[in-house]
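**Student:** Dropping a structure here in structure tokens format, bear with me for questions.
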Amino acid sequence: MAASTRVKGQQAPSASRSVRNATLFLCMLGMCISVFAMYVEILKEKNPDYVALCDINSYITCSRVLTSRFAKGFGIVEKIFSKTSLLNQPNTVYGMAFYTFMATLALSSSSSSAVVQTVSSIAANFGSVYLGYILLFILKDFCLVCVSTYVVNFLLLVASVIKLRRTVHDDIQASKKKKK
């Protein structure tokens, strides 16, 4: 059996692979949630009597939240640009773009991609806090679909920080090796 050639303190390749796979799984989960949310939005706009699977009672209604003015452009774009602006897309479209971007970054093992991934995750979590505030204090509702994306975004942040720490650590170790 071959001896391990891993440098002391260096992460095993399987550890990096597991973070990448967890990130890809979370991105796929986030994409599925976003697609479902878009499906609910479209059906509710076409048929106001549509009752979504996630409409549980008068306080837990995802379709009411997903068709509110805050469900497009985060409720901000139409105020800055206009209601007809190309940027005034459903939040689900931004979510799908985000999860695709994060999955792409997960495939790279460079420290620069880890930095971009972590910064993007931080931005997404700020967005989650903003939308969560709107959900609870302005709309006074609870949306299972929305909260699910907030959880996915938080877990993506955790995975991104782990990746960043590992890539920075590996870069430092590689730098030390070059100096020797």
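Letters for chains follow the order of the structure tokens (A, B, ...), residue numbers begin at 1 for each chain, and ligand numbers begin at 1 in the order shown.
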I'd like a table as CSV: residues in range 142-170 of chain A with an atom no more than 7 Å from range 17-39 of chain A, each row giving the shortest atom pair and its distance in Å to one decimal, only C-alpha atoms counted, sorted by chain and rising residue number.

**Tutor:**
residue,atom,partner,partner_atom,distance
A:Val145,CA,A:Ile33,CA,6.6
A:Thr149,CA,A:Gly30,CA,6.1
A:Val152,CA,A:Leu26,CA,6.2
A:Leu156,CA,A:Thr23,CA,6.2
A:Ala159,CA,A:Val19,CA,6.2
A:Lys163,CA,A:Val19,CA,6.8

**Student:** Kindly export the residues of the current selection with N, CA and C atoms, as a PDB file, in the first residue's frame.

**Tutor:**
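As written to disk, selection17.pdb reads:
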ATOM      1  N   VAL A 145     -41.496  28.560   1.667  1.00  0.00           N
ATOM      2  CA  VAL A 145     -40.585  28.573   0.515  1.00  0.00           C
ATOM      3  C   VAL A 145     -39.489  29.615   0.734  1.00  0.00           C
ATOM      4  N   THR A 149     -35.296  29.130   1.420  1.00  0.00           N
ATOM      5  CA  THR A 149     -34.169  29.734   0.685  1.00  0.00           C
ATOM      6  C   THR A 149     -33.226  30.457   1.640  1.00  0.00           C
ATOM      7  N   VAL A 152     -31.035  27.751   3.048  1.00  0.00           N
ATOM      8  CA  VAL A 152     -30.066  27.320   2.029  1.00  0.00           C
ATOM      9  C   VAL A 152     -28.964  28.367   1.883  1.00  0.00           C
ATOM     10  N   LEU A 156     -25.027  27.828   2.540  1.00  0.00           N
ATOM     11  CA  LEU A 156     -24.045  28.142   1.499  1.00  0.00           C
ATOM     12  C   LEU A 156     -22.955  29.065   2.047  1.00  0.00           C
ATOM     13  N   ALA A 159     -20.597  26.842   4.035  1.00  0.00           N
ATOM     14  CA  ALA A 159     -19.739  26.071   3.114  1.00  0.00           C
ATOM     15  C   ALA A 159     -18.699  26.974   2.447  1.00  0.00           C
ATOM     16  N   LYS A 163     -14.654  26.628   2.677  1.00  0.00           N
ATOM     17  CA  LYS A 163     -13.822  26.562   1.468  1.00  0.00           C
ATOM     18  C   LYS A 163     -12.755  27.651   1.491  1.00  0.00           C
TER      19      LYS A 163
END

**Student:** Find the residues near Ile56 in chain A: any atom within 10 Å, counting only C-alpha atoms, skip ones fewer than 6 places away on the same chain, and give them as JSON, numbers by chain.

**Tutor:** {"A": [62, 142, 143, 144]}

**Student:** Output C-alpha atoms for every residue in the selection just made, as a JSON list (two decimals), in the first residue's frame.

**Tutor:**
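Once written, out13.json looks like this:
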[["chain", "number", "residue", "atom", "x", "y", "z"],
["A", 62, "CYS", "CA", -46.36, 31.58, 0.29],
["A", 142, "PHE", "CA", -44.69, 33.25, 7.06],
["A", 143, "CYS", "CA", -43.57, 31.75, 3.77],
["A", 144, "LEU", "CA", -42.11, 28.23, 3.98]]

**Student:** For a test of reading the model, state the distance in Å between CA of Met102 in chain A and CA of Cys146 in chain A, rounded to one decimal.

**Tutor:**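 Computing the Euclidean distance for CA of Met102 in chain A and CA of Cys146 in chain A yields 18.5 Å.
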
**Student:** Which is closer to Arg166 in chain A than all the others in A:Thr92, A:Ser148, A:Ser113, A:Ser16, using only C-alpha atoms?

**Tutor:**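 Ranking A:Thr92, A:Ser148, A:Ser113, A:Ser16 by distance to Arg166 in chain A, first place goes to A:Ser16.
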
**Student:** Report as a PDB file with C-alpha atoms, in the first residue's frame all protein, DNA and RNA residues lying within 6 Å of range 84-90 of chain A, evaluated on only C-alpha atoms, omitting residues in the same chain fewer than 4 positions from it.

**Tutor:**
ATOM      1  CA  ALA A  71     -41.436  39.568  -4.808  1.00  0.00           C
ATOM      2  CA  LYS A  72     -40.084  41.465  -7.830  1.00  0.00           C
ATOM      3  CA  GLY A  73     -36.820  43.331  -7.751  1.00  0.00           C
ATOM      4  CA  VAL A  77     -35.996  48.075  -8.382  1.00  0.00           C
TER       5      VAL A  77
END

**Student:** Nearest residue to Phe126 in chain A out of A:Ser111, A:Asn153, A:Ile138, A:Val147, using only C-alpha atoms?

**Tutor:**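 Looking only at the distances to Phe126 in chain A, the closest residue turns out to be A:Asn153.
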
**Student:** Need to verify the contact set: Gln117 in chain A, 10 Å, only C-alpha atoms, exclusion of same-chain residues closer than 5 positions in sequence. Can you return it as a ChimeraX atom specification?

**Tutor:** /A:101-106,111-112,122-123,156-157,159-161,163-164

**Student:** How far is it from CA of Gln173 in chain A to CA of Leu107 in chain A, in Å with one decimal?

**Tutor:** 21.6 Å

**Student:** Nearest to Leu135 in chain A: which of A:Lys46, A:Arg69, A:Lys176, A:Cys54 is it, counting only C-alpha atoms?

**Tutor:**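 Using only C-alpha atoms, the shortest distance to Leu135 in chain A belongs to A:Arg69.
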
**Student:** If you measure from CA of Ala174 in chain A to CA of Ser121 in chain A, what distance in Å do you get, rounded to one decimal?

**Tutor:**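 Between these atoms lies a distance of 26.5 Å.
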
**Student:** Give me, as number ranges by chain, the residues of chain A that a backbone DSSP run labels alpha helix (DSSP H).

**Tutor:** A: 13-46, 62-66, 77-80, 91-106, 111-133, 144-179
